[in-house]
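> Please see the structure below; I have some questions.
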Amino acid sequence: MTMIGLLRSVRVNGVEPPRAQYELGRTYIIYSHYDPASPFTKLAYAPLEKAAALPNASILPEQALIFINSRMHMPIKDAWWDSMIAKLKARKPGVQDESSLGALTQCAHERRCDLPKNRMTEAFMTALAHPNPSARLLATYGDYAWNILEDHVLGERMIEEAIETSPDEPGYQVTLIRMFAALGRKDDARKALQKLEALNTAGRLNGSIAELKTLFSQP
């Protein structure tokens, strides 16, 4: 049985789970190679829209629909954005939701996706409106604000909030140091580096620290 055939056959108590429908649509996307003329392209929409409509589904299906059309420079349905934002409003984002926003941010950052900034910002604002947002979500919005919105003040603030939320995660410290270095704020970068060095147990961050020092070592 092919992968597509296997995914088509998945059932749980007679019901197709959202993840199975999503994986079927995602498989069609992979086979399509983002070619609008591919026969697999048209096949991707139905399972993804079905997955999006199933109870308790994450925003993965909407993310995939937005992603594929953006990659192919085709119109993105407002209904996909509306569905995504409604889900983000209805419940606190989970890991899959955060991954979806991260994937869209990365695609925009790499200039492969031309996504409307107002809808992306609305999605992030809705997700962040829930109490105690995760450090990962804060950092992802920081990435989007810094690189896509080119709002360095907002990007820095989001990363600082991510550090406050998860102070033992070195990745956020590294990002903040890079931001300070890019802005020419060497003193702030050095202070942040000292905090990062405090997390360098067993030398696990030696390489990152050495690389970061080169960013602001020049006069």
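In the structure tokens, the first chain shown is A, the next is B, and so on; residue numbers restart at 1 for each chain, and ligands run from 1 in the order shown.
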Which residues, written as a PyMOL selection string, have at least one atom at most 9 Å from Arg19 of chain A, with only C-alpha atoms counted and residues fewer than 5 positions away on the same chain left out?
chain A and resi 24+51+57-58+60-61
> Give one line per residue of segment 140-184 of chain A that approaches segment 196-218 of chain A to at most 10 Å, naming the two atoms of the closest pair and their distance in Å to one decimal, counting only C-alpha atoms; sort by chain then ascending residue number and deliver it as CSV.

```
residue,atom,partner,partner_atom,distance
A:Pro167,CA,A:Leu199,CA,9.3
A:Asp168,CA,A:Leu199,CA,6.9
A:Glu169,CA,A:Leu199,CA,8.4
A:Pro170,CA,A:Leu196,CA,6.4
A:Gly171,CA,A:Leu196,CA,9.2
A:Tyr172,CA,A:Leu196,CA,9.4
A:Gln173,CA,A:Leu196,CA,6.2
A:Val174,CA,A:Leu196,CA,7.4
A:Thr175,CA,A:Leu212,CA,9.9
A:Ile177,CA,A:Leu212,CA,7.4
A:Arg178,CA,A:Leu212,CA,7.3
A:Phe180,CA,A:Phe216,CA,9.1
A:Ala181,CA,A:Phe216,CA,6.0
A:Ala182,CA,A:Leu215,CA,8.3
A:Gly184,CA,A:Phe216,CA,7.8
```
> Which residues come within 12 Å of Tyr22 of chain A, counting only C-alpha atoms, excluding same-chain residues fewer than 2 positions away, as a PyMOL selection string?
chain A and resi 4+7-8+10+16-20+24-29+44-54+57-65+96
> In Å, rounded to a single decimal, give me how far atom CA of Ile76 of chain A is from atom CA of Pro39 of chain A.
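Between these atoms lies a distance of 19.3 Å.
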> Just the number, please: distance in Å from atom CA of Gly102 of chain A to atom CA of Phe67 of chain A, one decimal.
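Calculated distance between atom CA of Gly102 of chain A and atom CA of Phe67 of chain A is 11.7 Å.
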> Please determine, counting only C-alpha atoms, which residue among A:Asn132, A:Thr126, A:Asn69, A:Ser38 has the shortest atom-to-atom distance to Lys87 of chain A.
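Among A:Asn132, A:Thr126, A:Asn69, A:Ser38, it is A:Thr126 that comes nearest to Lys87 of chain A.
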> My list of candidates is A:Ile68, A:Leu115, A:Met120, A:Leu101. Which is closest to Asp82 of chain A when distances are computed with only C-alpha atoms?
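Residue with the minimum atom-to-atom distance to Asp82 of chain A: A:Met120.
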> Under the rule that only C-alpha atoms are counted, which of A:Lys77, A:His152, A:Lys92, A:Arg71 is the nearest residue to Arg112 of chain A?
A:Arg71
> Please measure the separation of atom CA of Val153 of chain A and atom CA of Lys186 of chain A, giving the value in Å to one decimal.
16.5 Å
> As a PyMOL selection string, please: every residue in chain A that a backbone DSSP assignment puts in helix (DSSP H, G or I).
chain A and resi 3-9+18-32+39-53+60-71+78-90+95-109+117-128+135-147+152-165+170-182+186-197+201-203+206-213
> Taking 6 positions as the minimum chain separation for residues in the same chain, which residues sit within 12 Å of Met179 of chain A when counting only C-alpha atoms? Answer as a list in words.
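What passes the distance filter is Gly142, Asp143, Trp146, Asn147, Glu150, Asp151, His152, Val153, Leu154, Gly155, Glu156, Arg157, Met158, Ile159, Glu160, Tyr172, Gln173, Arg185, Lys186, Asp188, Ala189, Arg190, Ala192, Leu193, Leu212, Leu215 and Phe216 of chain A.
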> So that I have them on file, write out the residues from the current selection with N, CA, C and O atoms, as an mmCIF file, in the first residue's frame.

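What follows is the written file out-v7.cif:
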```
data_model
loop_
_atom_site.group_PDB
_atom_site.id
_atom_site.type_symbol
_atom_site.label_atom_id
_atom_site.label_comp_id
_atom_site.auth_asym_id
_atom_site.auth_seq_id
_atom_site.Cartn_x
_atom_site.Cartn_y
_atom_site.Cartn_z
ATOM 1 N N GLY A 142 8.742 37.540 18.378
ATOM 2 C CA GLY A 142 9.915 38.398 18.347
ATOM 3 C C GLY A 142 10.659 38.281 17.027
ATOM 4 O O GLY A 142 11.100 39.283 16.452
ATOM 5 N N ASP A 143 10.791 37.063 16.536
ATOM 6 C CA ASP A 143 11.420 36.802 15.243
ATOM 7 C C ASP A 143 10.646 37.500 14.134
ATOM 8 O O ASP A 143 11.225 38.178 13.261
ATOM 9 N N TRP A 146 10.973 41.375 14.418
ATOM 10 C CA TRP A 146 12.318 41.861 14.078
ATOM 11 C C TRP A 146 12.587 41.757 12.578
ATOM 12 O O TRP A 146 13.048 42.715 11.950
ATOM 13 N N ASN A 147 12.308 40.592 12.003
ATOM 14 C CA ASN A 147 12.717 40.316 10.629
ATOM 15 C C ASN A 147 11.692 40.682 9.571
ATOM 16 O O ASN A 147 12.065 41.032 8.442
ATOM 17 N N GLU A 150 10.159 44.512 10.840
ATOM 18 C CA GLU A 150 11.312 45.406 11.033
ATOM 19 C C GLU A 150 11.084 46.370 12.195
ATOM 20 O O GLU A 150 11.519 47.515 12.175
ATOM 21 N N ASP A 151 10.398 45.864 13.202
ATOM 22 C CA ASP A 151 10.156 46.610 14.438
ATOM 23 C C ASP A 151 11.128 46.064 15.481
ATOM 24 O O ASP A 151 10.836 45.097 16.184
ATOM 25 N N HIS A 152 12.295 46.672 15.582
ATOM 26 C CA HIS A 152 13.340 46.150 16.448
ATOM 27 C C HIS A 152 13.004 46.318 17.922
ATOM 28 O O HIS A 152 13.404 45.485 18.746
ATOM 29 N N VAL A 153 12.275 47.363 18.256
ATOM 30 C CA VAL A 153 11.882 47.562 19.652
ATOM 31 C C VAL A 153 10.961 46.434 20.096
ATOM 32 O O VAL A 153 11.138 45.830 21.170
ATOM 33 N N LEU A 154 9.977 46.125 19.283
ATOM 34 C CA LEU A 154 9.038 45.051 19.610
ATOM 35 C C LEU A 154 9.746 43.700 19.610
ATOM 36 O O LEU A 154 9.521 42.876 20.507
ATOM 37 N N GLY A 155 10.594 43.468 18.627
ATOM 38 C CA GLY A 155 11.309 42.199 18.567
ATOM 39 C C GLY A 155 12.159 41.972 19.800
ATOM 40 O O GLY A 155 12.156 40.882 20.382
ATOM 41 N N GLU A 156 12.878 43.011 20.223
ATOM 42 C CA GLU A 156 13.710 42.904 21.427
ATOM 43 C C GLU A 156 12.856 42.634 22.660
ATOM 44 O O GLU A 156 13.200 41.788 23.493
ATOM 45 N N ARG A 157 11.730 43.345 22.751
ATOM 46 C CA ARG A 157 10.871 43.174 23.929
ATOM 47 C C ARG A 157 10.317 41.753 24.012
ATOM 48 O O ARG A 157 10.243 41.157 25.097
ATOM 49 N N MET A 158 9.940 41.190 22.880
ATOM 50 C CA MET A 158 9.401 39.834 22.870
ATOM 51 C C MET A 158 10.461 38.816 23.304
ATOM 52 O O MET A 158 10.170 37.882 24.056
ATOM 53 N N ILE A 159 11.683 38.992 22.825
ATOM 54 C CA ILE A 159 12.754 38.068 23.206
ATOM 55 C C ILE A 159 13.060 38.211 24.692
ATOM 56 O O ILE A 159 13.307 37.200 25.390
ATOM 57 N N GLU A 160 13.041 39.420 25.199
ATOM 58 C CA GLU A 160 13.290 39.610 26.630
ATOM 59 C C GLU A 160 12.193 38.944 27.463
ATOM 60 O O GLU A 160 12.471 38.363 28.520
ATOM 61 N N TYR A 172 17.305 31.737 23.539
ATOM 62 C CA TYR A 172 16.730 33.078 23.573
ATOM 63 C C TYR A 172 17.788 34.113 23.952
ATOM 64 O O TYR A 172 17.791 35.234 23.438
ATOM 65 N N GLN A 173 18.697 33.728 24.833
ATOM 66 C CA GLN A 173 19.797 34.617 25.190
ATOM 67 C C GLN A 173 20.668 34.896 23.970
ATOM 68 O O GLN A 173 21.113 36.031 23.746
ATOM 69 N N ARG A 185 24.870 47.896 20.093
ATOM 70 C CA ARG A 185 24.807 48.088 21.550
ATOM 71 C C ARG A 185 25.750 47.083 22.218
ATOM 72 O O ARG A 185 25.336 46.089 22.789
ATOM 73 N N LYS A 186 27.033 47.370 22.141
ATOM 74 C CA LYS A 186 28.049 46.423 22.594
ATOM 75 C C LYS A 186 27.993 46.181 24.101
ATOM 76 O O LYS A 186 28.180 45.049 24.561
ATOM 77 N N ASP A 188 25.378 46.332 26.094
ATOM 78 C CA ASP A 188 24.233 45.463 26.377
ATOM 79 C C ASP A 188 24.530 44.033 25.932
ATOM 80 O O ASP A 188 24.142 43.066 26.605
ATOM 81 N N ALA A 189 25.218 43.897 24.817
ATOM 82 C CA ALA A 189 25.566 42.566 24.321
ATOM 83 C C ALA A 189 26.495 41.852 25.287
ATOM 84 O O ALA A 189 26.329 40.653 25.554
ATOM 85 N N ARG A 190 27.457 42.579 25.831
ATOM 86 C CA ARG A 190 28.401 41.963 26.776
ATOM 87 C C ARG A 190 27.692 41.531 28.057
ATOM 88 O O ARG A 190 27.983 40.462 28.607
ATOM 89 N N ALA A 192 24.540 40.721 28.353
ATOM 90 C CA ALA A 192 23.728 39.547 28.023
ATOM 91 C C ALA A 192 24.604 38.309 27.868
ATOM 92 O O ALA A 192 24.193 37.197 28.227
ATOM 93 N N LEU A 193 25.806 38.510 27.345
ATOM 94 C CA LEU A 193 26.725 37.391 27.178
ATOM 95 C C LEU A 193 27.137 36.814 28.529
ATOM 96 O O LEU A 193 27.295 35.592 28.670
ATOM 97 N N LEU A 212 29.660 34.434 19.235
ATOM 98 C CA LEU A 212 28.995 35.683 19.612
ATOM 99 C C LEU A 212 30.005 36.771 19.958
ATOM 100 O O LEU A 212 29.779 37.950 19.654
ATOM 101 N N LEU A 215 31.060 39.077 17.265
ATOM 102 C CA LEU A 215 30.095 40.052 16.749
ATOM 103 C C LEU A 215 30.330 41.450 17.280
ATOM 104 O O LEU A 215 29.958 42.434 16.645
ATOM 105 N N PHE A 216 30.918 41.530 18.477
ATOM 106 C CA PHE A 216 31.127 42.865 19.058
ATOM 107 C C PHE A 216 32.543 43.055 19.599
ATOM 108 O O PHE A 216 32.792 43.914 20.429
#
```
